[in-house]
>>> print(open('data-v2.csv').read())   # CSV, C-alpha atoms (C1' of nucleotides)
chain,number,residue,atom,x,y,z
A,186,MET,CA,0.0,0.0,0.0
A,187,VAL,CA,1.1,3.5,-0.9
A,188,ALA,CA,0.9,6.6,1.2
A,189,ASP,CA,-1.5,9.1,-0.3
A,190,LEU,CA,0.2,12.2,-1.6
A,191,PRO,CA,-1.1,15.3,0.0
A,192,SER,CA,-4.3,16.5,-1.7
A,193,PRO,CA,-3.9,19.6,-3.9
A,194,ARG,CA,-6.0,21.5,-1.5
A,195,GLU,CA,-3.6,20.7,1.3
A,196,GLN,CA,-0.6,21.4,-0.9
A,197,VAL,CA,-2.0,24.8,-1.7
A,198,LEU,CA,-2.7,25.7,1.9
A,199,ARG,CA,0.7,24.6,3.0
A,200,THR,CA,2.4,26.7,0.3
A,201,ALA,CA,0.2,29.7,0.9
A,202,LEU,CA,1.1,29.6,4.6
A,203,ARG,CA,4.7,29.7,3.8
A,204,LEU,CA,4.5,32.4,1.1
A,205,PHE,CA,2.1,34.6,3.0
A,206,THR,CA,4.3,34.7,6.0
A,207,GLU,CA,7.6,35.0,4.2
A,208,GLN,CA,6.6,37.6,1.7
A,209,GLY,CA,3.2,38.8,2.8
A,210,TYR,CA,-0.2,38.2,1.3
A,211,PHE,CA,-0.1,41.0,-1.2
A,212,ASN,CA,3.4,40.2,-2.4
A,213,THR,CA,2.3,36.7,-3.2
A,214,SER,CA,0.5,36.0,-6.5
A,215,VAL,CA,-1.7,33.1,-7.1
A,216,HIS,CA,0.8,32.1,-9.7
A,217,ASP,CA,3.5,32.0,-7.1
A,218,ILE,CA,1.4,29.6,-5.1
A,219,ALA,CA,0.5,27.5,-8.1
A,220,ARG,CA,4.2,27.2,-9.1
A,221,MET,CA,5.5,26.3,-5.7
A,222,ALA,CA,2.7,24.0,-4.8
A,223,GLN,CA,3.1,22.3,-8.2
A,224,VAL,CA,-0.5,22.7,-9.0
A,225,SER,CA,-2.1,24.6,-11.8
A,226,ILE,CA,-3.9,27.9,-11.5
A,227,GLY,CA,-7.1,26.3,-12.8
A,228,SER,CA,-6.9,23.7,-10.0
A,229,ILE,CA,-6.6,26.4,-7.4
A,230,TYR,CA,-9.6,28.3,-8.6
A,231,HIS,CA,-11.5,25.0,-8.7
A,232,HIS,CA,-10.8,24.4,-5.0
A,233,PHE,CA,-11.0,28.0,-3.8
A,234,LYS,CA,-13.4,30.8,-4.7
A,235,ASP,CA,-10.6,33.3,-5.0
A,236,LYS,CA,-7.3,34.4,-3.4
A,237,GLU,CA,-9.1,35.6,-0.3
A,238,GLY,CA,-10.7,32.2,-0.1
A,239,ILE,CA,-7.3,30.6,0.3
A,240,ALA,CA,-6.4,33.0,3.2
A,241,LYS,CA,-9.7,32.3,4.9
A,242,ALA,CA,-9.5,28.6,4.6
A,243,LEU,CA,-6.0,28.7,6.0
A,244,PHE,CA,-7.0,30.9,8.9
A,245,GLU,CA,-9.9,28.6,9.8
A,246,GLN,CA,-7.7,25.6,9.7
A,247,LEU,CA,-5.2,27.2,12.1
A,248,VAL,CA,-7.8,28.6,14.4
A,249,THR,CA,-9.4,25.2,14.7
A,250,ARG,CA,-6.1,23.5,15.4
A,251,MET,CA,-5.2,26.0,18.1
A,252,GLY,CA,-8.7,25.8,19.6
A,253,ALA,CA,-8.4,22.0,19.9
A,254,ALA,CA,-4.9,22.3,21.5
A,255,PHE,CA,-6.4,24.7,24.0
A,256,ASP,CA,-9.3,22.3,24.7
A,257,ALA,CA,-6.8,19.6,25.4
A,258,ILE,CA,-5.0,21.9,27.9
A,259,GLU,CA,-8.2,22.6,29.7
A,260,ASP,CA,-8.8,18.8,30.0
A,261,ALA,CA,-5.3,18.1,31.2
A,262,HIS,CA,-5.0,20.9,33.8
A,263,LYS,CA,-7.5,22.1,36.3
A,264,THR,CA,-6.2,25.3,37.9
A,265,ALA,CA,-6.0,28.6,36.0
A,266,HIS,CA,-2.4,28.8,36.9
A,267,ASP,CA,-1.6,25.5,35.3
A,268,ARG,CA,-3.8,26.1,32.3
A,269,CYS,CA,-2.3,29.5,31.5
A,270,HIS,CA,1.2,28.2,32.0
A,271,ALA,CA,0.5,25.3,29.6
A,272,VAL,CA,-0.8,27.8,27.0
A,273,VAL,CA,2.3,29.9,27.2
A,274,GLU,CA,4.5,26.8,27.0
A,275,LEU,CA,2.6,25.5,24.0
A,276,LEU,CA,2.8,28.9,22.2
A,277,PHE,CA,6.5,29.1,22.8
A,278,ARG,CA,7.1,25.6,21.6
A,279,MET,CA,4.9,26.1,18.6
A,280,THR,CA,6.8,29.3,17.7
A,281,GLU,CA,10.0,27.3,17.3
A,282,ALA,CA,8.4,24.3,15.7
A,283,GLU,CA,6.1,26.1,13.2
A,284,PRO,CA,7.0,29.8,13.1
A,285,ALA,CA,4.9,30.3,10.1
A,286,VAL,CA,1.8,29.2,11.9
A,287,MET,CA,2.4,31.6,14.8
A,288,ALA,CA,3.3,34.4,12.3
A,289,TYR,CA,0.1,33.9,10.4
A,290,MET,CA,-2.0,34.0,13.5
A,291,LEU,CA,-0.3,36.9,15.3
A,292,HIS,CA,1.5,39.1,12.8
A,293,ALA,CA,-0.7,39.2,9.8
A,294,GLN,CA,-3.1,42.1,9.4
A,295,HIS,CA,-6.0,40.0,8.4
A,296,GLN,CA,-8.4,42.8,8.2
A,297,GLU,CA,-6.5,44.2,5.2
A,298,PHE,CA,-7.0,41.1,3.1
A,299,MET,CA,-10.1,39.6,4.6
A,300,PRO,CA,-12.3,42.6,5.0
A,301,GLY,CA,-15.5,42.0,6.9
A,302,GLU,CA,-13.9,39.2,9.0
A,303,LEU,CA,-13.5,39.7,12.7
A,304,PRO,CA,-10.0,40.7,13.9
A,305,VAL,CA,-7.7,37.8,15.0
A,306,CYS,CA,-8.0,38.6,18.7
A,307,SER,CA,-11.8,37.9,18.4
A,308,SER,CA,-11.1,34.3,17.3
A,309,ARG,CA,-11.8,31.4,19.5
A,310,PRO,CA,-8.2,30.7,20.8
A,311,PHE,CA,-8.0,34.3,22.0
A,312,THR,CA,-11.4,34.1,23.6
A,313,GLN,CA,-10.3,30.9,25.3
A,314,MET,CA,-7.2,32.5,26.7
A,315,ARG,CA,-9.3,35.4,28.1
A,316,ALA,CA,-11.8,32.9,29.7
A,317,MET,CA,-8.9,31.1,31.4
A,318,ALA,CA,-7.8,34.3,33.0
A,319,THR,CA,-11.2,35.2,34.1
A,320,ALA,CA,-11.7,31.8,35.7
A,321,GLY,CA,-8.5,32.4,37.7
A,322,MET,CA,-10.1,35.5,39.3
A,323,ASP,CA,-13.2,33.6,40.1
A,324,THR,CA,-11.3,30.8,41.9
A,325,GLY,CA,-9.3,33.4,43.8
A,326,GLU,CA,-6.0,32.4,42.3
A,327,MET,CA,-5.6,35.8,40.8
A,328,ARG,CA,-6.6,39.1,42.2
A,329,ARG,CA,-9.7,40.9,40.9
A,330,MET,CA,-9.1,43.2,38.0
A,331,ASP,CA,-10.7,44.1,34.7
A,332,PRO,CA,-10.9,40.8,32.8
A,333,LEU,CA,-9.3,42.2,29.7
A,334,VAL,CA,-6.5,43.7,31.7
A,335,ALA,CA,-6.0,40.4,33.5
A,336,ALA,CA,-5.6,38.5,30.3
A,337,THR,CA,-3.3,41.1,28.9
A,338,CYS,CA,-1.1,41.1,31.9
A,339,LEU,CA,-0.8,37.3,31.8
A,340,PHE,CA,-0.3,36.9,28.1
A,341,GLY,CA,0.9,40.3,26.8
A,342,GLY,CA,4.5,39.7,27.8
A,343,PRO,CA,4.7,36.2,26.3
A,344,ILE,CA,3.0,37.3,23.1
A,345,ARG,CA,5.4,40.2,22.8
A,346,MET,CA,8.3,37.7,23.2
A,347,ILE,CA,6.9,35.7,20.4
A,348,SER,CA,6.8,38.8,18.2
A,349,LEU,CA,10.4,39.6,19.0
A,350,ARG,CA,11.4,36.0,18.2
A,351,LEU,CA,9.6,36.0,14.9
A,352,ASP,CA,11.2,39.3,14.0
A,353,GLY,CA,14.6,37.9,14.7
A,354,ILE,CA,15.3,40.2,17.6
A,355,LEU,CA,15.5,37.4,20.1
A,356,LYS,CA,18.4,35.1,19.1
A,357,ASN,CA,17.6,32.1,21.4
A,358,PRO,CA,14.7,29.7,21.3
A,359,LEU,CA,11.8,30.8,23.4
A,360,PRO,CA,11.4,27.8,25.7
A,361,GLN,CA,14.6,28.8,27.5
A,362,TYR,CA,12.9,32.0,28.6
A,363,LEU,CA,9.8,30.3,29.7
A,364,ASP,CA,10.4,30.2,33.4
A,365,GLU,CA,11.6,33.7,33.7
A,366,VAL,CA,8.8,35.1,31.6
A,367,TRP,CA,6.0,33.0,33.2
A,368,SER,CA,7.0,33.8,36.7
A,369,ALA,CA,7.0,37.5,35.9
A,370,SER,CA,3.6,37.3,34.2
A,371,TRP,CA,2.1,35.3,37.0
A,372,ARG,CA,3.5,37.6,39.6
A,373,SER,CA,1.8,40.5,37.9
A,374,VAL,CA,-1.7,39.1,38.5
A,375,THR,CA,-1.5,37.6,41.9
A,376,ALA,CA,-2.3,39.4,45.1
B,30,MET,CA,-0.2,87.9,7.5
B,31,VAL,CA,-1.6,84.6,6.3
B,32,ALA,CA,-1.1,81.2,7.8
B,33,ASP,CA,0.8,79.0,5.3
B,34,LEU,CA,-1.2,76.2,3.9
B,35,PRO,CA,0.3,72.8,4.6
B,36,SER,CA,2.9,72.0,2.0
B,37,PRO,CA,2.0,69.3,-0.6
B,38,ARG,CA,4.6,67.0,1.0
B,39,GLU,CA,2.9,67.4,4.4
B,40,GLN,CA,-0.5,66.9,2.9
B,41,VAL,CA,0.6,63.7,1.2
B,42,LEU,CA,2.1,62.3,4.4
B,43,ARG,CA,-1.0,63.2,6.4
B,44,THR,CA,-3.2,61.5,3.9
B,45,ALA,CA,-1.0,58.5,3.5
B,46,LEU,CA,-1.0,57.9,7.2
B,47,ARG,CA,-4.8,58.0,7.3
B,48,LEU,CA,-5.3,55.7,4.3
B,49,PHE,CA,-2.5,53.3,5.1
B,50,THR,CA,-3.9,52.7,8.5
B,51,GLU,CA,-7.6,52.6,7.5
B,52,GLN,CA,-7.3,50.4,4.5
B,53,GLY,CA,-3.7,49.1,4.5
B,54,TYR,CA,-0.8,50.0,2.3
B,55,PHE,CA,-1.6,47.6,-0.5
B,56,ASN,CA,-5.2,48.6,-0.6
B,57,THR,CA,-4.3,52.2,-1.1
B,58,SER,CA,-3.3,53.4,-4.5
B,59,VAL,CA,-1.2,56.4,-5.2
B,60,HIS,CA,-4.2,57.8,-7.0
B,61,ASP,CA,-6.2,57.5,-3.8
B,62,ILE,CA,-3.7,59.5,-2.0
B,63,ALA,CA,-3.5,62.1,-4.7
B,64,ARG,CA,-7.3,62.5,-4.8
B,65,MET,CA,-7.7,62.8,-1.0
B,66,ALA,CA,-4.7,65.0,-0.5
B,67,GLN,CA,-5.9,67.2,-3.4
B,68,VAL,CA,-2.5,67.0,-5.1
B,69,SER,CA,-1.8,65.6,-8.5
B,70,ILE,CA,0.0,62.3,-9.2
B,71,GLY,CA,2.8,64.1,-10.9
B,72,SER,CA,3.4,66.2,-7.8
B,73,ILE,CA,3.6,63.2,-5.6
B,74,TYR,CA,6.2,61.6,-7.8
B,75,HIS,CA,8.1,64.8,-7.8
B,76,HIS,CA,8.3,64.8,-4.0
B,77,PHE,CA,8.7,61.1,-3.4
B,78,LYS,CA,10.7,58.5,-5.4
B,79,ASP,CA,7.9,56.0,-5.4
B,80,LYS,CA,5.1,54.7,-3.3
B,81,GLU,CA,7.5,53.0,-0.9
B,82,GLY,CA,9.2,56.3,-0.5
B,83,ILE,CA,6.0,57.8,0.9
B,84,ALA,CA,5.8,54.9,3.5
B,85,LYS,CA,9.5,55.4,4.4
B,86,ALA,CA,9.3,59.1,4.8
B,87,LEU,CA,6.2,58.7,7.0
B,88,PHE,CA,7.9,56.1,9.1
B,89,GLU,CA,10.9,58.3,9.7
B,90,GLN,CA,8.8,61.2,10.6
B,91,LEU,CA,6.9,59.3,13.2
B,92,VAL,CA,10.0,57.5,14.6
B,93,THR,CA,11.7,60.9,15.0
B,94,ARG,CA,8.7,62.3,16.8
B,95,MET,CA,8.5,59.5,19.2
B,96,GLY,CA,12.2,59.5,19.8
B,97,ALA,CA,12.0,63.1,20.7
B,98,ALA,CA,9.1,62.5,23.1
B,99,PHE,CA,11.1,59.8,24.8
B,100,ASP,CA,14.1,62.1,25.1
B,101,ALA,CA,11.9,64.6,26.8
B,102,ILE,CA,10.7,61.9,29.2
B,103,GLU,CA,14.3,61.0,30.0
B,104,ASP,CA,15.0,64.6,30.8
B,105,ALA,CA,11.9,65.1,33.0
B,106,HIS,CA,12.3,61.9,35.1
B,107,LYS,CA,15.3,60.3,36.7
B,108,THR,CA,14.3,56.9,37.9
B,109,ALA,CA,13.6,53.9,35.7
B,110,HIS,CA,10.3,53.6,37.3
B,111,ASP,CA,9.2,57.1,36.6
B,112,ARG,CA,10.6,57.0,33.1
B,113,CYS,CA,8.9,53.8,32.1
B,114,HIS,CA,5.6,54.8,33.7
B,115,ALA,CA,5.8,58.1,31.7
B,116,VAL,CA,6.4,56.1,28.5
B,117,VAL,CA,3.3,54.0,29.0
B,118,GLU,CA,1.2,57.0,29.9
B,119,LEU,CA,2.4,58.8,26.8
B,120,LEU,CA,1.7,55.8,24.6
B,121,PHE,CA,-1.8,55.4,26.1
B,122,ARG,CA,-2.6,59.0,25.6
B,123,MET,CA,-1.2,59.0,22.1
B,124,THR,CA,-3.3,56.0,21.2
B,125,GLU,CA,-6.5,58.0,22.0
B,126,ALA,CA,-5.3,61.3,20.5
B,127,GLU,CA,-3.7,59.9,17.3
B,128,PRO,CA,-4.7,56.3,16.8
B,129,ALA,CA,-3.4,56.3,13.3
B,130,VAL,CA,0.1,57.1,14.5
B,131,MET,CA,0.1,54.3,16.9
B,132,ALA,CA,-1.4,51.9,14.4
B,133,TYR,CA,1.2,52.7,11.8
B,134,MET,CA,4.0,52.2,14.3
B,135,LEU,CA,2.7,49.1,15.9
B,136,HIS,CA,0.4,47.2,13.6
B,137,ALA,CA,1.8,47.7,10.2
B,138,GLN,CA,3.9,44.9,8.8
B,139,HIS,CA,6.5,47.2,7.4
B,140,GLN,CA,8.7,44.5,6.2
B,141,GLU,CA,6.1,43.6,3.6
B,142,PHE,CA,6.2,47.0,1.9
B,143,MET,CA,9.6,48.3,3.0
B,144,PRO,CA,11.8,45.3,2.2
B,145,GLY,CA,15.3,45.6,3.4
B,146,GLU,CA,14.4,48.0,6.2
B,147,LEU,CA,14.8,46.9,9.8
B,148,PRO,CA,11.7,45.7,11.6
B,149,VAL,CA,9.9,48.3,13.7
B,150,CYS,CA,11.1,47.0,17.0
B,151,SER,CA,14.6,47.8,16.0
B,152,SER,CA,13.8,51.4,15.6
B,153,ARG,CA,15.1,54.0,18.1
B,154,PRO,CA,12.0,54.4,20.2
B,155,PHE,CA,11.9,50.7,20.9
B,156,THR,CA,15.6,50.7,21.6
B,157,GLN,CA,15.1,53.5,24.1
B,158,MET,CA,12.4,51.6,25.9
B,159,ARG,CA,14.7,48.6,26.3
B,160,ALA,CA,17.5,50.8,27.5
B,161,MET,CA,15.2,52.3,30.2
B,162,ALA,CA,14.4,48.8,31.4
B,163,THR,CA,18.0,47.8,31.5
B,164,ALA,CA,18.9,50.9,33.4
B,165,GLY,CA,16.3,50.0,36.0
B,166,MET,CA,18.2,46.7,36.7
B,167,ASP,CA,21.5,48.6,37.0
B,168,THR,CA,20.1,50.9,39.6
B,169,GLY,CA,18.6,48.0,41.5
B,170,GLU,CA,15.0,49.2,41.1
B,171,MET,CA,14.2,46.1,39.2
B,172,ARG,CA,15.5,42.6,39.8
B,173,ARG,CA,18.1,41.1,37.5
B,174,MET,CA,16.8,39.3,34.4
B,175,ASP,CA,17.5,39.0,30.7
B,176,PRO,CA,17.3,42.5,29.4
B,177,LEU,CA,14.9,41.7,26.6
B,178,VAL,CA,12.7,39.8,29.0
B,179,ALA,CA,12.7,42.7,31.3
B,180,ALA,CA,11.6,45.1,28.7
B,181,THR,CA,9.0,42.7,27.5
B,182,CYS,CA,7.6,42.2,30.9
B,183,LEU,CA,7.4,46.0,31.5
B,184,PHE,CA,5.9,47.0,28.1
B,185,GLY,CA,4.4,43.8,26.7
B,186,GLY,CA,1.2,44.1,28.6
B,187,PRO,CA,0.7,47.8,27.8
B,188,ILE,CA,1.5,47.3,24.1
B,189,ARG,CA,-1.0,44.5,24.0
B,190,MET,CA,-3.6,46.8,25.5
B,191,ILE,CA,-2.9,49.3,22.7
B,192,SER,CA,-3.4,46.6,20.1
B,193,LEU,CA,-6.7,45.6,21.6
B,194,ARG,CA,-7.8,49.2,21.7
B,195,LEU,CA,-6.8,49.8,18.1
B,196,ASP,CA,-8.7,46.6,17.1
B,197,GLY,CA,-11.8,47.9,18.8
B,198,ILE,CA,-11.9,45.1,21.4
B,199,LEU,CA,-11.4,47.5,24.3
B,200,LYS,CA,-14.3,49.8,24.4
B,201,ASN,CA,-13.0,52.4,26.9
B,202,PRO,CA,-10.2,54.9,26.5
B,203,LEU,CA,-6.8,53.5,27.6
B,204,PRO,CA,-5.8,56.0,30.2
B,205,GLN,CA,-8.5,54.7,32.5
B,206,TYR,CA,-6.7,51.4,32.7
B,207,LEU,CA,-3.3,53.0,33.2
B,208,ASP,CA,-3.0,52.5,37.0
B,209,GLU,CA,-4.1,48.9,36.9
B,210,VAL,CA,-1.9,48.0,34.0
B,211,TRP,CA,1.1,49.8,35.2
B,212,SER,CA,1.0,48.4,38.7
B,213,ALA,CA,0.8,44.9,37.3
B,214,SER,CA,3.7,45.5,34.9
B,215,TRP,CA,5.9,47.0,37.5
B,216,ARG,CA,5.1,44.3,40.0
B,217,SER,CA,6.3,41.7,37.4
B,218,VAL,CA,9.8,43.1,37.4
B,219,THR,CA,10.5,44.0,41.0
B,220,ALA,CA,12.0,41.7,43.5
C,278,DG,C1',-10.7,17.5,-11.4
C,279,DT,C1',-6.9,19.3,-13.9
C,280,DC,C1',-4.7,21.8,-17.3
C,281,DT,C1',-3.2,25.9,-20.7
C,282,DA,C1',-4.2,29.9,-22.8
C,283,DT,C1',-6.4,34.1,-22.5
C,284,DA,C1',-9.3,38.2,-21.2
C,285,DT,C1',-9.6,42.1,-18.4
C,286,DC,C1',-8.4,45.4,-15.4
C,287,DC,C1',-5.9,48.6,-12.7
C,288,DA,C1',-1.8,49.7,-10.3
C,289,DG,C1',2.7,52.1,-10.4
C,290,DA,C1',5.3,55.0,-12.8
C,291,DT,C1',6.7,58.4,-16.7
C,292,DA,C1',6.6,62.2,-20.4
C,293,DG,C1',6.4,66.5,-21.3
C,294,DA,C1',3.5,70.9,-21.5
C,295,DC,C1',2.9,74.8,-18.6
D,92,DG,C1',6.9,72.6,-9.0
D,93,DT,C1',2.5,71.2,-10.8
D,94,DC,C1',-0.4,69.3,-13.9
D,95,DT,C1',-2.9,65.8,-17.5
D,96,DA,C1',-2.5,62.1,-20.4
D,97,DT,C1',-0.4,58.0,-21.3
D,98,DC,C1',2.4,53.7,-21.1
D,99,DT,C1',3.3,49.2,-19.4
D,100,DG,C1',3.5,45.2,-16.6
D,101,DG,C1',1.6,42.0,-14.0
D,102,DA,C1',-2.1,40.5,-11.2
D,103,DT,C1',-6.7,38.2,-10.7
D,104,DA,C1',-9.9,35.4,-12.6
D,105,DT,C1',-12.2,32.8,-16.5
D,106,DA,C1',-12.9,29.8,-20.7
D,107,DG,C1',-13.0,25.7,-22.4
D,108,DA,C1',-10.4,21.4,-23.9
D,109,DC,C1',-9.1,17.1,-21.9
>>> encode(input="data-v2.csv", output="structure tokens")
Amino acid sequence: MVADLPSPREQVLRTALRLFTEQGYFNTSVHDIARMAQVSIGSIYHHFKDKEGIAKALFEQLVTRMGAAFDAIEDAHKTAHDRCHAVVELLFRMTEAEPAVMAYMLHAQHQEFMPGELPVCSSRPFTQMRAMATAGMDTGEMRRMDPLVAATCLFGGPIRMISLRLDGILKNPLPQYLDEVWSASWRSVTA
Amino acid sequence: MVADLPSPREQVLRTALRLFTEQGYFNTSVHDIARMAQVSIGSIYHHFKDKEGIAKALFEQLVTRMGAAFDAIEDAHKTAHDRCHAVVELLFRMTEAEPAVMAYMLHAQHQEFMPGELPVCSSRPFTQMRAMATAGMDTGEMRRMDPLVAATCLFGGPIRMISLRLDGILKNPLPQYLDEVWSASWRSVTA
DNA sequence: GTCTATATCCAGATAGAC
DNA sequence: GTCTATCTGGATATAGAC
């Protein structure tokens, strides 16, 4: 038996992720994608409505993946502290393993090429993160503060680290900063 | 005596800032700028080498402005605590007063349309912020940690708040969160 | 479902009069 | 320095055979 080759649809999404993050959405032509994915233009337009459709499908795929990963974290850990810590650890590891995924989720200005769509930080993974923070205040693990402020204090530093890493400012892999960053973040929200 | 009308160059920069942040660089044509700035295309290309030249000039102008504002803060305050606090306060006030300026500095993926330029977070204002954090460790106001981590802990939360505000997630003006956010940030870097 | 060839459009940039 | 008119390339998207 023979392993299936990746479907053209998958090939296109994979290639689009790479090119969109390396060169930007607007600097990437559909021809570029076709060429690098070894698929014809016609085939792309058969599978996707238009160029924006590629970006949307890609975004949904990644949002779903991250959402599932966060669900798993909620199952595996019960305190807000452990859940939020696990989220940051996951994000840091993912940034190293699949920088393009993180870049597409964080950096891209989706509103510019997917007009009418909600901004990234309204997507489910971000909502989940905010819910975890809020839960921590309800259980008393964290001190009472504005919910959005709480989430921002917990995750703002780590997310900023990811940006610096993606921009090449941080030379070392993120996980080695995990303890230092996390203890600072947690300290900022406890009584 | 009559007030000078804004020079065409200024008009173009003003308009470009507005359109680039509202619609994005690639969704804005030079014709759009010409029309809204009430200047002819030819005139634009007389003052700027090309479209990218507009973006670069705009960026330099804003970087210079922020750099000067930060210099003033360094003059007016002597401790790292007071300086960093003043920076966050300034950024929060600026986000409300001139959201487009903050959006262009923070949100825009400049690498996409100014290839070869250094990323935003290598620009002087960001360097100044990191230097202030480092100074705070030297004076003993802050505990010792990796310099980049320290800066990120101090400013990552506030910057994230600005993003949320620019994206319309935060409904209230930033200054009203200043105390809560700042005390959390500072707490995260002190012994 | 996949391909090639092509239509259509519009952006960036220039020429050259005033 | 400013303007209008124009050139030109390249992008998105489609047509229609296989």
>>> interface_residues(input="data-v2.csv", of="chain C", to="chain B", cutoff="12 Å", atoms="all atoms listed in the file", output="ChimeraX atom specification")
/C:287-293
>>> closest_atom_pairs(input="data-v2.csv", of="chain B", to="chain D", cutoff="10 Å", atoms="all atoms listed in the file", output="tab-separated table")
residue	atom	partner	partner_atom	distance
B:Val68	CA	D:DT93	C1'	8.7
B:Ser69	CA	D:DC94	C1'	6.7
B:Ile70	CA	D:DC94	C1'	8.4
B:Gly71	CA	D:DC94	C1'	6.8
B:Ser72	CA	D:DT93	C1'	5.9
B:Ile73	CA	D:DT93	C1'	9.6
B:His75	CA	D:DG92	C1'	8.0
B:His76	CA	D:DG92	C1'	9.4
>>> closest_atom_pairs(input="data-v2.csv", of="chain B", to="chain A", cutoff="9 Å", atoms="all atoms listed in the file", output="CSV")
residue,atom,partner,partner_atom,distance
B:Glu51,CA,A:Glu297,CA,8.8
B:Gln52,CA,A:Glu297,CA,6.3
B:Gly53,CA,A:Glu297,CA,5.7
B:Tyr54,CA,A:Glu297,CA,8.6
B:Phe55,CA,A:Phe211,CA,6.8
B:Asn56,CA,A:Glu297,CA,7.4
B:His136,CA,A:Gln294,CA,7.5
B:Ala137,CA,A:Gln294,CA,7.5
B:Gln138,CA,A:Ala293,CA,7.4
B:Gln140,CA,A:Gln208,CA,8.5
B:Glu141,CA,A:Gly209,CA,5.7
B:Phe142,CA,A:Asn212,CA,8.5
B:Pro148,CA,A:Asp352,CA,6.9
B:Cys150,CA,A:Leu349,CA,7.7
B:Ser151,CA,A:Ile354,CA,7.8
B:Met174,CA,A:Glu365,CA,7.7
B:Asp175,CA,A:Glu365,CA,8.5
B:Leu177,CA,A:Leu355,CA,7.8
B:Val178,CA,A:Val366,CA,6.6
B:Ala179,CA,A:Val366,CA,8.5
B:Ala180,CA,A:Gly342,CA,9.0
B:Thr181,CA,A:Gly342,CA,5.4
B:Cys182,CA,A:Gly342,CA,5.0
B:Leu183,CA,A:Gly342,CA,7.9
B:Phe184,CA,A:Gly342,CA,7.4
B:Gly185,CA,A:Gly342,CA,4.2
B:Gly186,CA,A:Gly341,CA,4.2
B:Pro187,CA,A:Gly341,CA,7.6
B:Ile188,CA,A:Gly341,CA,7.5
B:Arg189,CA,A:Gly341,CA,5.4
B:Met190,CA,A:Thr337,CA,6.6
B:Leu193,CA,A:Cys306,CA,7.7
B:Asp196,CA,A:Pro304,CA,6.8
B:Gly197,CA,A:Pro304,CA,8.9
B:Ile198,CA,A:Ser307,CA,7.8
B:Leu199,CA,A:Leu333,CA,7.9
B:Tyr206,CA,A:Val334,CA,7.8
B:Glu209,CA,A:Met330,CA,7.7
B:Val210,CA,A:Val334,CA,6.7
B:Ser212,CA,A:Ser373,CA,8.0
B:Ala213,CA,A:Ser373,CA,4.6
B:Ser214,CA,A:Ser373,CA,6.1
B:Trp215,CA,A:Ser373,CA,7.7
B:Arg216,CA,A:Ser373,CA,5.5
B:Ser217,CA,A:Ala369,CA,4.5
B:Val218,CA,A:Ala369,CA,6.4
B:Thr219,CA,A:Ala369,CA,9.0
>>> atom_distance(input="data-v2.csv", atom1="atom CA of Leu275 of chain A", atom2="atom CA of Ala240 of chain A")
23.9 Å
>>> atom_distance(input="data-v2.csv", atom1="atom CA of Phe244 of chain A", atom2="atom CA of Ile191 of chain B")
23.4 Å
>>> closest_residue(input="data-v2.csv", among="A:Ala318, A:Met299, A:Ala376, A:Val286", to="Val248 of chain A", atoms="only C-alpha atoms")
A:Val286
>>> closest_residue(input="data-v2.csv", among="B:Leu87, B:Met161, B:Leu120, B:Ile102", to="His139 of chain B", atoms="all atoms listed in the file")
B:Leu87
>>> residues_around(input="data-v2.csv", residues="Pro284 of chain A", least_positions_apart="4", cutoff="10 Å", atoms="all atoms listed in the file", output="PyMOL selection string")
chain A and resi 203+206+277-280+288-290+347+350-351
>>> atom_distance(input="data-v2.csv", atom1="atom CA of Met314 of chain A", atom2="atom CA of Asp267 of chain A")
12.4 Å
>>> residues_around(input="data-v2.csv", residues="Glu326 of chain A", least_positions_apart="2", cutoff="8 Å", atoms="only C-alpha atoms (C1' of nucleotides)", output="number ranges by chain")
A: 265-266, 321-324, 328, 375
>>> closest_residue(input="data-v2.csv", among="A:Ala261, A:Ala222, A:Leu247, A:Leu359", to="Leu291 of chain A", atoms="all atoms listed in the file")
A:Leu247
>>> decode(input="data-v2.csv", residues="segment 145-150 of chain B", atoms="N, CA, C and O atoms", output="CSV table (one decimal), in the first residue's frame")
chain,number,residue,atom,x,y,z
B,145,GLY,N,13.9,45.2,3.2
B,145,GLY,CA,15.3,45.6,3.4
B,145,GLY,C,15.4,46.6,4.6
B,145,GLY,O,16.5,46.7,5.2
B,146,GLU,N,14.3,47.2,5.0
B,146,GLU,CA,14.4,48.0,6.2
B,146,GLU,C,14.3,47.1,7.5
B,146,GLU,O,13.8,46.0,7.4
B,147,LEU,N,14.9,47.6,8.5
B,147,LEU,CA,14.8,46.9,9.8
B,147,LEU,C,13.4,46.8,10.3
B,147,LEU,O,12.6,47.7,10.0
B,148,PRO,N,13.1,45.8,11.1
B,148,PRO,CA,11.7,45.7,11.6
B,148,PRO,C,11.5,46.9,12.6
B,148,PRO,O,12.5,47.4,13.2
B,149,VAL,N,10.2,47.2,12.8
B,149,VAL,CA,9.9,48.3,13.7
B,149,VAL,C,10.6,48.3,15.0
B,149,VAL,O,11.0,49.3,15.5
B,150,CYS,N,10.6,47.1,15.6
B,150,CYS,CA,11.1,47.0,17.0
B,150,CYS,C,12.6,47.1,17.0
B,150,CYS,O,13.2,47.1,18.1
